[in-house]
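**Q** Next comes the structure file query-v9.txt, holding compact mmCIF, C-alpha atoms and all ligand atoms.
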# COMPACT_ATOMS: atom_id res chain seq x y z
CA PHE A 1248 21.20 20.91 -2.64
CA ASP A 1249 21.56 24.46 -4.05
CA THR A 1250 23.89 26.64 -2.04
CA ASN A 1251 22.47 29.78 -3.68
CA PRO A 1252 19.89 31.81 -1.82
CA VAL A 1253 16.35 30.71 -2.48
CA VAL A 1254 14.55 32.97 -4.97
CA LEU A 1255 10.86 32.48 -4.35
CA PRO A 1256 8.38 32.55 -7.22
CA GLN A 1257 6.18 35.62 -6.69
CA GLY A 1258 2.47 35.64 -5.94
CA GLY A 1259 0.24 34.24 -3.21
CA PRO A 1260 1.05 33.69 0.47
CA LEU A 1261 4.72 33.20 1.37
CA TYR A 1262 4.34 29.57 2.47
CA LEU A 1263 2.82 28.71 -0.94
CA GLN A 1264 5.71 30.48 -2.70
CA LEU A 1265 8.15 28.39 -0.69
CA LYS A 1266 6.10 25.24 -1.31
CA ARG A 1267 6.27 25.88 -5.07
CA TRP A 1268 9.99 26.55 -4.85
CA ILE A 1269 10.59 23.20 -3.08
CA GLU A 1270 8.46 21.38 -5.68
CA ASP A 1271 10.47 23.03 -8.47
CA ALA A 1272 13.74 22.06 -6.79
CA ILE A 1273 12.55 18.43 -6.77
CA HIS A 1274 11.49 18.59 -10.44
CA ARG A 1275 14.82 20.19 -11.42
CA GLY A 1276 16.59 17.36 -9.59
CA ALA A 1277 18.29 19.79 -7.18
CA ILE A 1278 16.85 17.67 -4.35
CA LYS A 1279 16.38 14.00 -5.22
CA PRO A 1280 13.94 11.36 -3.91
CA GLY A 1281 15.28 10.10 -0.60
CA ASP A 1282 17.37 13.26 0.03
CA ALA A 1283 17.04 15.08 3.32
CA LEU A 1284 15.52 18.55 3.18
CA PRO A 1285 17.71 21.29 4.73
CA SER A 1286 16.75 22.10 8.30
CA GLU A 1287 13.88 24.43 9.01
CA ARG A 1288 16.37 27.00 10.27
CA ASP A 1289 18.57 26.83 7.14
CA LEU A 1290 15.60 27.08 4.81
CA ALA A 1291 14.19 30.05 6.73
CA LEU A 1292 17.55 31.84 6.51
CA LYS A 1293 18.07 31.09 2.82
CA ALA A 1294 14.57 32.03 1.75
CA ASP A 1295 14.42 34.96 4.15
CA VAL A 1296 11.13 33.83 5.65
CA SER A 1297 10.09 32.89 9.18
CA ARG A 1298 10.39 29.34 10.49
CA VAL A 1299 6.60 29.30 10.84
CA THR A 1300 6.35 29.84 7.07
CA VAL A 1301 8.82 27.01 6.41
CA ARG A 1302 6.90 24.71 8.75
CA LYS A 1303 3.63 25.47 6.98
CA ALA A 1304 5.09 24.84 3.50
CA VAL A 1305 6.63 21.56 4.69
CA GLN A 1306 3.40 20.46 6.38
CA HIS A 1307 1.49 20.95 3.13
CA LEU A 1308 4.11 19.01 1.14
CA VAL A 1309 3.95 16.17 3.68
CA GLN A 1310 0.17 16.09 3.30
CA ASP A 1311 0.60 15.95 -0.49
CA GLY A 1312 3.01 13.03 -0.11
CA VAL A 1313 5.88 14.99 -1.70
CA LEU A 1314 7.87 14.99 1.54
CA ILE A 1315 8.10 12.44 4.32
CA GLN A 1316 8.79 13.27 7.96
CA ARG A 1317 10.63 10.72 10.06
CA HIS A 1318 10.59 11.31 13.78
CA GLY A 1319 14.02 12.19 15.05
CA SER A 1320 15.75 12.11 11.67
CA GLY A 1321 14.16 14.95 9.72
CA THR A 1322 12.29 15.59 6.50
CA PHE A 1323 12.99 13.79 3.24
CA VAL A 1324 11.87 13.90 -0.35
CA ALA A 1325 9.46 10.96 -0.79
CA PRO A 1326 10.83 8.07 -2.85
CA GLN A 1327 9.42 8.18 -6.37
CA SER A 1328 6.21 6.26 -6.20
CA GLN A 1329 5.92 3.31 -8.53
CA ARG A 1330 2.37 3.18 -9.79
CA VAL A 1331 1.05 -0.15 -10.86
CA GLU A 1332 -1.85 -0.67 -13.25
CA GLN A 1333 -3.95 -3.59 -12.09
CA SER A 1334 -6.65 -5.16 -14.20
CA LEU A 1335 -9.93 -5.83 -12.45
CA SER A 1336 -10.96 -8.58 -14.85
CA HIS A 1337 -8.43 -11.33 -14.05
CA LEU A 1338 -8.17 -13.43 -10.93
CA THR A 1339 -4.44 -13.23 -10.34
CA SER A 1340 -2.19 -13.22 -7.29
CA PHE A 1341 0.12 -10.51 -6.05
CA THR A 1342 3.14 -12.69 -6.89
CA GLU A 1343 1.94 -13.25 -10.47
CA ASP A 1344 1.05 -9.58 -10.96
CA MET A 1345 4.48 -8.38 -9.91
CA ALA A 1346 6.42 -11.15 -11.67
CA ARG A 1347 4.66 -10.22 -14.93
CA ARG A 1348 6.05 -6.72 -14.56
CA GLY A 1349 9.54 -7.97 -13.78
CA MET A 1350 9.30 -6.64 -10.23
CA SER A 1351 10.61 -8.52 -7.23
CA VAL A 1352 8.19 -9.74 -4.55
CA ARG A 1353 8.77 -10.00 -0.84
CA SER A 1354 6.47 -10.43 2.16
CA GLU A 1355 6.91 -9.60 5.80
CA TRP A 1356 4.68 -11.81 7.92
CA LEU A 1357 2.41 -10.04 10.39
CA GLU A 1358 0.35 -13.06 11.38
CA LYS A 1359 0.39 -16.75 10.46
CA GLY A 1360 -1.49 -19.37 12.41
CA ILE A 1361 -4.66 -21.22 13.29
CA TYR A 1362 -7.32 -19.33 15.26
CA ILE A 1363 -10.89 -19.55 16.51
CA PRO A 1364 -12.85 -17.86 13.69
CA SER A 1365 -14.68 -14.57 14.11
CA PRO A 1366 -18.44 -14.68 13.43
CA GLU A 1367 -17.76 -12.88 10.12
CA GLU A 1368 -15.17 -15.48 9.07
CA THR A 1369 -17.54 -18.30 10.04
CA VAL A 1370 -20.33 -16.90 7.87
CA THR A 1371 -18.16 -15.81 4.92
CA LEU A 1372 -16.11 -19.00 4.73
CA GLY A 1373 -19.14 -21.20 5.46
CA LEU A 1374 -17.45 -22.85 8.46
CA SER A 1375 -19.18 -25.47 10.60
CA SER A 1376 -19.21 -25.24 14.37
CA GLY A 1377 -15.82 -26.22 15.80
CA ASP A 1378 -13.99 -25.40 12.55
CA MET A 1379 -10.85 -23.32 12.91
CA VAL A 1380 -9.52 -20.61 10.62
CA ALA A 1381 -6.04 -20.16 9.11
CA ARG A 1382 -4.97 -16.53 9.02
CA LEU A 1383 -2.16 -15.16 6.89
CA GLY A 1384 -1.28 -11.51 7.49
CA ARG A 1385 1.42 -10.02 5.32
CA LEU A 1386 3.00 -6.76 4.37
CA ARG A 1387 3.57 -7.15 0.64
CA LEU A 1388 6.53 -5.43 -0.96
CA SER A 1389 7.58 -5.13 -4.55
CA ASN A 1390 11.07 -3.95 -5.45
CA ASP A 1391 11.35 -3.46 -1.69
CA VAL A 1392 8.58 -0.82 -1.70
CA PRO A 1393 5.68 -1.65 0.65
CA MET A 1394 2.56 -1.87 -1.54
CA ALA A 1395 -0.17 -3.49 0.54
CA ILE A 1396 -1.14 -5.09 3.82
CA GLU A 1397 -3.04 -8.31 3.22
CA ARG A 1398 -4.94 -10.43 5.71
CA ALA A 1399 -6.25 -13.68 4.30
CA ALA A 1400 -8.53 -16.14 6.08
CA LEU A 1401 -9.10 -19.72 4.90
CA SER A 1402 -10.72 -22.72 6.49
CA ALA A 1403 -8.16 -24.68 8.52
CA ARG A 1404 -9.52 -27.78 6.77
CA ILE A 1405 -8.01 -26.39 3.54
CA LEU A 1406 -4.85 -25.03 5.18
CA PRO A 1407 -4.22 -27.03 8.38
CA ASP A 1408 -0.61 -25.86 8.60
CA PRO A 1409 -0.26 -22.22 7.46
CA GLN A 1410 3.50 -22.45 8.03
CA VAL A 1411 3.78 -24.31 4.71
CA VAL A 1412 2.94 -21.07 2.87
CA GLN A 1413 6.27 -19.37 2.41
CA ASN A 1414 5.76 -17.19 -0.64
CA SER A 1415 2.67 -17.36 -2.84
CA LEU A 1416 -0.63 -18.45 -1.30
CA TYR A 1417 -2.15 -19.07 -4.74
CA THR A 1418 0.77 -21.28 -5.81
CA HIS A 1419 0.22 -23.31 -2.67
CA LEU A 1420 -3.53 -23.57 -3.31
CA GLU A 1421 -2.88 -24.52 -6.92
CA LYS A 1422 -0.60 -27.39 -5.84
CA SER A 1423 -3.25 -28.73 -3.49
CA GLY A 1424 -5.98 -28.42 -6.16
CA ASN A 1425 -7.68 -25.50 -4.41
CA ARG A 1426 -6.91 -22.59 -6.71
CA PRO A 1427 -9.89 -20.23 -6.81
CA ILE A 1428 -11.47 -19.70 -10.21
CA ARG A 1429 -13.78 -16.80 -9.41
CA ALA A 1430 -13.87 -13.94 -6.92
CA ILE A 1431 -16.00 -11.04 -5.84
CA GLN A 1432 -13.97 -7.97 -5.04
CA ARG A 1433 -15.13 -4.84 -3.26
CA ILE A 1434 -12.97 -1.70 -3.24
CA ARG A 1435 -13.44 1.13 -0.82
CA ALA A 1436 -11.52 4.37 -0.25
CA ALA A 1437 -10.14 4.98 3.23
CA ASN A 1438 -7.48 6.87 5.13
CA LEU A 1439 -4.63 5.04 6.79
CA GLY A 1440 -4.43 4.94 10.56
CA GLU A 1441 -1.09 5.45 12.23
CA ARG A 1442 -0.09 1.78 12.49
CA ASP A 1443 -0.92 0.80 8.91
CA ALA A 1444 0.62 4.01 7.56
CA LYS A 1445 3.84 3.15 9.35
CA LEU A 1446 3.91 -0.33 7.83
CA LEU A 1447 3.29 1.11 4.37
CA ASP A 1448 5.87 3.86 4.92
CA VAL A 1449 3.50 6.77 4.23
CA ALA A 1450 2.12 9.59 6.37
CA ALA A 1451 -0.76 8.77 8.69
CA GLY A 1452 -4.03 9.80 7.06
CA SER A 1453 -2.78 9.04 3.51
CA ALA A 1454 -5.28 7.58 1.09
CA SER A 1455 -5.68 3.83 0.78
CA LEU A 1456 -7.83 1.45 -1.23
CA ASN A 1457 -9.28 -1.22 1.00
CA ILE A 1458 -10.12 -4.35 -0.94
CA GLU A 1459 -12.13 -7.30 0.17
CA ARG A 1460 -11.84 -10.44 -1.96
CA ILE A 1461 -14.01 -13.51 -1.54
CA SER A 1462 -12.77 -16.27 -3.83
CA TYR A 1463 -14.57 -19.41 -4.91
CA LEU A 1464 -13.56 -22.87 -6.05
CA ALA A 1465 -15.12 -24.38 -9.18
CA SER A 1466 -17.48 -26.25 -6.81
CA GLY A 1467 -18.91 -22.90 -5.63
CA ARG A 1468 -17.34 -23.22 -2.19
CA VAL A 1469 -15.67 -20.12 -0.71
CA ILE A 1470 -11.94 -20.71 -0.38
CA GLU A 1471 -10.53 -17.34 0.64
CA PHE A 1472 -11.70 -14.25 2.49
CA THR A 1473 -9.03 -11.57 2.20
CA ARG A 1474 -8.93 -7.97 3.32
CA SER A 1475 -6.20 -5.89 1.73
CA ILE A 1476 -5.11 -2.33 2.28
CA TYR A 1477 -3.42 -0.97 -0.82
CA ARG A 1478 -1.53 2.29 -0.85
CA GLY A 1479 -3.56 4.91 -2.69
CA ASP A 1480 -0.45 6.32 -4.34
CA THR A 1481 0.74 3.07 -5.93
CA TYR A 1482 -2.27 1.49 -7.62
CA ASP A 1483 -4.55 2.22 -10.56
CA PHE A 1484 -7.32 -0.35 -10.83
CA VAL A 1485 -8.49 -0.65 -14.40
CA ALA A 1486 -11.59 -2.36 -15.77
CA GLU A 1487 -12.79 -2.64 -19.35
CA LEU A 1488 -16.44 -1.69 -19.72
CA ARG A 1489 -18.69 -2.75 -22.58
CA LEU A 1490 -21.97 -1.26 -23.66
CA GLY A 1491 -25.02 -3.08 -22.38
CA GLU A 1492 -23.31 -5.98 -20.64
C1 LIG B 1501 -3.84 -10.77 -4.30
C2 LIG B 1501 -5.26 -10.84 -3.75
C3 LIG B 1501 -5.37 -11.65 -2.49
C4 LIG B 1501 -4.67 -12.97 -2.63
C5 LIG B 1501 -3.24 -12.75 -3.03
C6 LIG B 1501 -2.46 -14.03 -3.22
C7 LIG B 1501 -6.05 -8.56 -4.36
C8 LIG B 1501 -6.78 -7.37 -3.94
N1 LIG B 1501 -5.85 -9.53 -3.49
O1 LIG B 1501 -3.06 -9.87 -3.61
O2 LIG B 1501 -6.74 -11.85 -2.24
O3 LIG B 1501 -4.69 -13.66 -1.40
O4 LIG B 1501 -3.20 -12.04 -4.26
O5 LIG B 1501 -1.15 -13.67 -3.52
O6 LIG B 1501 -5.67 -8.63 -5.49
P1 LIG B 1501 0.08 -14.66 -3.44
O7 LIG B 1501 -0.26 -15.86 -4.24
O8 LIG B 1501 1.21 -13.87 -4.01
O9 LIG B 1501 0.29 -15.01 -2.00
So that I can check it, write out the structure of this file as structure tokens.
Ligand code: 16G

**A**
Amino acid sequence: FDTNPVVLPQGGPLYLQLKRWIEDAIHRGAIKPGDALPSERDLALKADVSRVTVRKAVQHLVQDGVLIQRHGSGTFVAPQSQRVEQSLSHLTSFTEDMARRGMSVRSEWLEKGIYIPSPEETVTLGLSSGDMVARLGRLRLSNDVPMAIERAALSARILPDPQVVQNSLYTHLEKSGNRPIRAIQRIRAANLGERDAKLLDVAAGSASLNIERISYLASGRVIEFTRSIYRGDTYDFVAELRLGE
């Protein structure tokens, strides 16, 4: 980090001048992704502004996702976000999508077991009375960056022992002859609550894309009902559109 005094770019309110200066310092590489920001007191002294001004500039940069605040340990430059372009026209799995890009895949399990289905699961999965549901909840990471929280529900008749799924759900379904061949996907914008934001390592209130996927077997039967919360700063969903179709 520069030891020189901070020379603020002129114009506009002081906190915006300081905000711009911090952004420039990041672009110049003077402060790198993952680096700690100097303390509020040090910045105020160097830039010759009040601590209130520093706090305001930092708050805005946290809201923009440029800085991250960790309770007790300070303020850091956000790790460079890896944006992923995801086609909306192919029925692929997270594991396949990441492997194709040469990125590593890892999951942290949040939930894995057999449960009494919710009314929504019963209807969506077409369960009969007495049927149970297998739930797989995972935090999905690629290159060790948390990308999405995924909660899948399948009939326990299809997946009686969810413990057998270690890595890819679709690979497991493929092996048992239950790979979906079609899906309906609904994408909705949302803001992350505190718990999900923590899992995804972003500030509470950050943007997310909430995706619901209902997948079908060739027979027309629903096989999977999955709700996913994708980080808004890591995904571009891309679809090809054709005239008149
Ligand atoms: C994708 C699917 C999800 C599916 C998962 C299987 C979206 C929005 N969701 O993440 O529905 O369960 O892939 O991945 O694309 P896996 O085979 O790696 O477990």

**Q** Provide the CA of Asp1311 (chain A) to CA of Val1485 (chain A) distance in Å, to one decimal place.

**A**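 Value for the CA of Asp1311 (chain A)-CA of Val1485 (chain A) distance: 23.5 Å.
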
**Q** Contacts of Val1370 (chain A) at 12 Å or less, counting all atoms listed in the file, minus same-chain residues fewer than 6 places along, as a list in words?

**A** Pro1364, Ser1376, Asp1378, Val1380, Ala1400, Leu1401, Ser1402, Ile1461, Val1469 and Phe1472 of chain A

**Q** Hey, could you make a per-residue contact list for chain A against ligand LIG 1501 (chain B) with 6 Å as the cut-off, showing the nearest pair of atoms and its distance in Å to one decimal, counting only C-alpha atoms and all ligand atoms, sorted by chain and number, as a tab-separated table?

**A**
residue	atom	partner	partner_atom	distance
A:Ser1340	CA	B:LIG1501	O4	3.4
A:Phe1341	CA	B:LIG1501	O1	4.1
A:Thr1342	CA	B:LIG1501	O8	3.7
A:Ala1399	CA	B:LIG1501	O3	5.9
A:Ser1415	CA	B:LIG1501	O9	3.4
A:Leu1416	CA	B:LIG1501	O9	3.6
A:Tyr1417	CA	B:LIG1501	O7	3.8
A:Thr1418	CA	B:LIG1501	O7	5.7
A:Ile1458	CA	B:LIG1501	C8	5.4
A:Arg1460	CA	B:LIG1501	O2	5.3
A:Thr1473	CA	B:LIG1501	O2	5.0
A:Ser1475	CA	B:LIG1501	C8	5.9

**Q** Go through A:Arg1347, A:Gly1377, A:Asn1457, A:Ile1363 one by one, measure the shortest atom-to-atom distance of each to Glu1397 (chain A) using all atoms listed in the file, and give the residue with the smallest value.

**A**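 The answer is A:Asn1457, which sits nearest to Glu1397 (chain A).
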
**Q** Please, what distance in Å, to one decimal, runs between CA of Leu1314 (chain A) and CA of Phe1484 (chain A)?

**A**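 So the answer is 24.9 Å.
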
**Q** Could you please determine the separation between CA of Glu1343 (chain A) and CA of Leu1456 (chain A) in Å, to one decimal place?

**A** 19.9 Å

**Q** Leaving out region 1317-1326 of chain A and any residue of its chain fewer than 4 positions from it, which residues lie within 10 Å of it when counting all atoms listed in the file, given as a PDB file with C-alpha atoms, in the coordinates of the input?

**A**
ATOM      1  CA  ILE A1269      10.590  23.200  -3.080  1.00  0.00           C
ATOM      2  CA  GLU A1270       8.460  21.380  -5.680  1.00  0.00           C
ATOM      3  CA  ILE A1273      12.550  18.430  -6.770  1.00  0.00           C
ATOM      4  CA  ILE A1278      16.850  17.670  -4.350  1.00  0.00           C
ATOM      5  CA  LYS A1279      16.380  14.000  -5.220  1.00  0.00           C
ATOM      6  CA  PRO A1280      13.940  11.360  -3.910  1.00  0.00           C
ATOM      7  CA  GLY A1281      15.280  10.100  -0.600  1.00  0.00           C
ATOM      8  CA  ASP A1282      17.370  13.260   0.030  1.00  0.00           C
ATOM      9  CA  ALA A1283      17.040  15.080   3.320  1.00  0.00           C
ATOM     10  CA  LEU A1284      15.520  18.550   3.180  1.00  0.00           C
ATOM     11  CA  PRO A1285      17.710  21.290   4.730  1.00  0.00           C
ATOM     12  CA  SER A1286      16.750  22.100   8.300  1.00  0.00           C
ATOM     13  CA  GLU A1287      13.880  24.430   9.010  1.00  0.00           C
ATOM     14  CA  VAL A1305       6.630  21.560   4.690  1.00  0.00           C
ATOM     15  CA  LEU A1308       4.110  19.010   1.140  1.00  0.00           C
ATOM     16  CA  VAL A1309       3.950  16.170   3.680  1.00  0.00           C
ATOM     17  CA  GLY A1312       3.010  13.030  -0.110  1.00  0.00           C
ATOM     18  CA  VAL A1313       5.880  14.990  -1.700  1.00  0.00           C
ATOM     19  CA  VAL A1392       8.580  -0.820  -1.700  1.00  0.00           C
ATOM     20  CA  ASP A1448       5.870   3.860   4.920  1.00  0.00           C
ATOM     21  CA  VAL A1449       3.500   6.770   4.230  1.00  0.00           C
ATOM     22  CA  ALA A1450       2.120   9.590   6.370  1.00  0.00           C
TER      23      ALA A1450
END

**Q** Using all atoms listed in the file, what table do you get, as a Markdown table, when you list each residue of region 1306-1341 of chain A with an atom no more than 9 Å from region 1427-1435 of chain A, its nearest pair of atoms, and their distance in Å rounded to one decimal, rows by chain then rising number?

**A**
| residue | atom | partner | partner_atom | distance |
| --- | --- | --- | --- | --- |
| A:Leu1335 | CA | A:Gln1432 | CA | 8.7 |
| A:His1337 | CA | A:Arg1429 | CA | 8.9 |
| A:Leu1338 | CA | A:Arg1429 | CA | 6.7 |

**Q** Show which residues sit within 7 Å of region 1409-1411 of chain A, as an MDAnalysis selection string. Count all atoms listed in the file, and ignore same-chain residues fewer than 3 positions away.

**A** chainID A and resid 1359:1360 1381 1406

**Q** For Glu1355 (chain A), which residue out of A:Arg1330, A:Arg1478, A:Met1394, A:Glu1441 is the nearest one, using all atoms listed in the file?

**A**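 Looking only at the distances to Glu1355 (chain A), the closest residue turns out to be A:Met1394.
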
**Q** For region 1256-1259 of chain A, list every protein, DNA or RNA residue within 8 Å, evaluated using all atoms listed in the file, and leave out those in the same chain fewer than 6 positions away; present the list as a count of residues only.

**A** 3

**Q** Of the residues A:Arg1442, A:Arg1474, A:Arg1298, A:Lys1422, which is the one nearest to Glu1459 (chain A), using only C-alpha atoms?

**A**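 Of A:Arg1442, A:Arg1474, A:Arg1298, A:Lys1422, the one nearest Glu1459 (chain A), counting only C-alpha atoms, is A:Arg1474.
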
**Q** Would you mind listing what lies within 9 Å of Arg1353 (chain A) as a list of chain:residue names, with all atoms listed in the file counted and same-chain residues fewer than 5 positions away left out?

**A**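 These residues fall inside the cut-off: A:Thr1342, A:Leu1386, A:Arg1387, A:Leu1388, A:Ser1389, A:Asn1390, A:Asp1391, A:Asn1414.
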
**Q** Which residue, A:Ala1346, A:Ala1291, A:Leu1490, A:Ala1437, has the smallest gap to Gly1452 (chain A) when you use only C-alpha atoms?

**A**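 Of A:Ala1346, A:Ala1291, A:Leu1490, A:Ala1437, the one nearest Gly1452 (chain A) is A:Ala1437, counting only C-alpha atoms.
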
**Q** Because some atoms of region 1459-1474 of chain A are absent here, can you restore N, CA and C atoms and send them as a PDB file, in the coordinates of the input?

**A**
ATOM      1  N   GLU A1459     -11.697  -6.048  -0.428  1.00  0.00           N
ATOM      2  CA  GLU A1459     -12.130  -7.300   0.170  1.00  0.00           C
ATOM      3  C   GLU A1459     -12.318  -8.279  -0.987  1.00  0.00           C
ATOM      4  N   ARG A1460     -11.678  -9.431  -0.892  1.00  0.00           N
ATOM      5  CA  ARG A1460     -11.840 -10.440  -1.960  1.00  0.00           C
ATOM      6  C   ARG A1460     -12.384 -11.722  -1.356  1.00  0.00           C
ATOM      7  N   ILE A1461     -13.480 -12.199  -1.921  1.00  0.00           N
ATOM      8  CA  ILE A1461     -14.010 -13.510  -1.540  1.00  0.00           C
ATOM      9  C   ILE A1461     -13.879 -14.384  -2.774  1.00  0.00           C
ATOM     10  N   SER A1462     -13.052 -15.424  -2.663  1.00  0.00           N
ATOM     11  CA  SER A1462     -12.770 -16.270  -3.830  1.00  0.00           C
ATOM     12  C   SER A1462     -13.442 -17.621  -3.706  1.00  0.00           C
ATOM     13  N   TYR A1463     -13.800 -18.163  -4.867  1.00  0.00           N
ATOM     14  CA  TYR A1463     -14.570 -19.410  -4.910  1.00  0.00           C
ATOM     15  C   TYR A1463     -13.845 -20.487  -5.711  1.00  0.00           C
ATOM     16  N   LEU A1464     -14.030 -21.713  -5.282  1.00  0.00           N
ATOM     17  CA  LEU A1464     -13.560 -22.870  -6.050  1.00  0.00           C
ATOM     18  C   LEU A1464     -14.585 -23.156  -7.152  1.00  0.00           C
ATOM     19  N   ALA A1465     -14.202 -24.016  -8.096  1.00  0.00           N
ATOM     20  CA  ALA A1465     -15.120 -24.380  -9.180  1.00  0.00           C
ATOM     21  C   ALA A1465     -16.413 -24.968  -8.600  1.00  0.00           C
ATOM     22  N   SER A1466     -16.306 -25.620  -7.435  1.00  0.00           N
ATOM     23  CA  SER A1466     -17.480 -26.250  -6.810  1.00  0.00           C
ATOM     24  C   SER A1466     -18.466 -25.223  -6.252  1.00  0.00           C
ATOM     25  N   GLY A1467     -18.033 -23.935  -6.185  1.00  0.00           N
ATOM     26  CA  GLY A1467     -18.910 -22.900  -5.630  1.00  0.00           C
ATOM     27  C   GLY A1467     -18.590 -22.615  -4.169  1.00  0.00           C
ATOM     28  N   ARG A1468     -17.737 -23.413  -3.581  1.00  0.00           N
ATOM     29  CA  ARG A1468     -17.340 -23.220  -2.190  1.00  0.00           C
ATOM     30  C   ARG A1468     -16.415 -22.020  -2.045  1.00  0.00           C
ATOM     31  N   VAL A1469     -16.592 -21.246  -0.958  1.00  0.00           N
ATOM     32  CA  VAL A1469     -15.670 -20.120  -0.710  1.00  0.00           C
ATOM     33  C   VAL A1469     -14.346 -20.686  -0.212  1.00  0.00           C
ATOM     34  N   ILE A1470     -13.256 -20.213  -0.803  1.00  0.00           N
ATOM     35  CA  ILE A1470     -11.940 -20.710  -0.380  1.00  0.00           C
ATOM     36  C   ILE A1470     -11.152 -19.670   0.403  1.00  0.00           C
ATOM     37  N   GLU A1471     -11.371 -18.387   0.053  1.00  0.00           N
ATOM     38  CA  GLU A1471     -10.530 -17.340   0.640  1.00  0.00           C
ATOM     39  C   GLU A1471     -11.359 -16.097   0.951  1.00  0.00           C
ATOM     40  N   PHE A1472     -11.100 -15.531   2.117  1.00  0.00           N
ATOM     41  CA  PHE A1472     -11.700 -14.250   2.490  1.00  0.00           C
ATOM     42  C   PHE A1472     -10.546 -13.338   2.877  1.00  0.00           C
ATOM     43  N   THR A1473     -10.230 -12.389   1.989  1.00  0.00           N
ATOM     44  CA  THR A1473      -9.030 -11.570   2.200  1.00  0.00           C
ATOM     45  C   THR A1473      -9.368 -10.094   2.241  1.00  0.00           C
ATOM     46  N   ARG A1474      -8.806  -9.427   3.234  1.00  0.00           N
ATOM     47  CA  ARG A1474      -8.930  -7.970   3.320  1.00  0.00           C
ATOM     48  C   ARG A1474      -7.551  -7.389   3.049  1.00  0.00           C
TER      49      ARG A1474
END
